[in-house]
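Take a look at the structure below.
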Amino acid sequence: MAATASDIHRIPARDLLTPEDLAGLRRRSAWRGVALVAHAWGVILASIALVAMFPNPLTWALAVMVIGSRQLGLAILMHDGAHGCLSANAAHNMALSQWLCAYPIFADTLAYRRYHLAHHAQTQQAGDPDLPLSAPFPITRASYRRKFWRDLSGQTGYQQRKAQLLNALDDRSSPSAQRLRHFKARLGPQIAANAVLFAGLALAGIWWAYPLLWLCPLLTWMMVITRIRNIAEHAVVPNSADPLRNTRTTETNLFGRAFIAPYFVNYHLEHHLLMNVPCYNLPKVHALLMRGPHAARMEVQPGYARVLRMATAVPDAEDRRGLVASNARRKQAGVRIGDDQASAGF
């Protein structure tokens with residue numbers, strides 16, 4: 001059961017690290033945020049170039065996975081922008097976050113910020129808007145395989161984009177001018193950013209890369225790893241009232257960083273404890289905390305495979321019973337059955 005607001009024990013930053021360490025870790029670099037955004041786009045464009053030069057199913061499949069991971073990377077960098085961490089200059093921070101991270105993946109930093117700060121304020125409580133993403137777990141492996149297939153086959157991504165489009169279209173009974181203004185406010189910049197991307201690829205003579213190497217990863221592999229990331233961060237945590245144990249850090253390797261957890265997103269516990277630290281400083285936060293007095297209580301797991309085993313610990317023989325129990329937990333968390341397909345989860 002989720003904790004109530006009064007149950008949560010907050011740990012002041014000064015009780016975690018020294019003032020000198022905190023000041024250094026919170027400092028925004030003038031160039032590192034830009035470098036991470038440039039890295040994401042560089043990897044995306046290099047992957048597209050690889051398929052253009054060596055077109056075959058293997059290079060395409062590899063590119064879908066790599067680009068999907070960088071699209072998640074753009075969402076992660078948008079998240080840093082929502083915390084004001086991409087740049088010390090507020091205008092530069094928002095420009096980077098919106099036009100080079102959020103809009104190309106059909107997201108919006110400002111809308112996300114409102115949603116996400118509520119998650120920080122009420123982590124794993126009844127009012128946490130991300131609670132429906134973790135509440136159904138643990139589940140059976142059969143249940144996870146069904147979710148994995150929905151993600152990989154594009155069904156989850158399709159449902160997300162469909163819900164987003166319907167929301168942008170507004171009520172059909174509204175006047176046309178009002179509906180147009182609503183649509184432009186909700187999706188206008190995202191469509192503009194994607195039009196620029198499509199135009200650039202078309203001018204390069206590879207227009208086909210937009211559907212096959214931008215939309216396809218966005219609707220498939222990005223959905224797969226977004227769910228894995230959501231599970232790793234808050235599902236089956238030991239104690240929803242303890243800030244050291246209601247959020248998880250997952251150790252990973254080079255393969256994991258390349259295909260599942262880009263740009264230090266695996267250090268989620270450290271981010272929750274010190275949410276105004278730029279993502280590139282989270283490994284330093286982790287190292288300092290693991291040498292401190294709270295290390296023994298911190299929820300840290302040795303890899304995403306381990307977390308997925310924990311999250312799918314219900315025996316497959318109990319699949320039907322597990323589905324009923326999972327649906328009951330989802331109802332308790334305030335989410336309708338099937339809503340996981342329409343959750344952004346960034």
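Letters A, B, ... mark the chains of the structure tokens in the order given; residue numbers begin at 1 per chain; ligand numbers begin at 1, in order shown.
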Listing only residues of range 203-234 of chain A within 9 Å of range 134-145 of chain A, what is the closest atom pair and its distance in Å (to one decimal) for each, using only C-alpha atoms, sorted by chain and residue number ascending, as a Markdown table?
| residue | atom | partner | partner_atom | distance |
| --- | --- | --- | --- | --- |
| A:Asn230 | CA | A:Ser134 | CA | 7.2 |
| A:Ile231 | CA | A:Ser134 | CA | 6.2 |
| A:Glu233 | CA | A:Ser134 | CA | 8.5 |
| A:His234 | CA | A:Ser134 | CA | 5.8 |
### Message
Among range 120-315 of chain A, which ones does DSSP assign to helix (DSSP H, G or I) (computed from the backbone)? Answer as a count of residues only.
### Response
121
Go through range 52-78 of chain A and flag each residue having an atom no more than 12 Å from range 146-163 of chain A; for those, report the closest pair of atoms plus their distance in Å to one decimal, using only C-alpha atoms, ordered by chain and rising number, as JSON lines.
{"residue": "A:Ala61", "atom": "CA", "partner": "A:Leu152", "partner_atom": "CA", "distance": 11.9}
{"residue": "A:Val64", "atom": "CA", "partner": "A:Leu152", "partner_atom": "CA", "distance": 10.9}
{"residue": "A:Met65", "atom": "CA", "partner": "A:Leu152", "partner_atom": "CA", "distance": 10.6}
{"residue": "A:Gly68", "atom": "CA", "partner": "A:Leu152", "partner_atom": "CA", "distance": 11.1}
### Message
Let me make sure I understand: among A:Ala168, A:Leu96, A:Pro104, A:Leu22, which one has the smallest atom-to-atom distance to Tyr210 in chain A if we use only C-alpha atoms?
### Response
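Residue with the minimum atom-to-atom distance to Tyr210 in chain A: A:Pro104.
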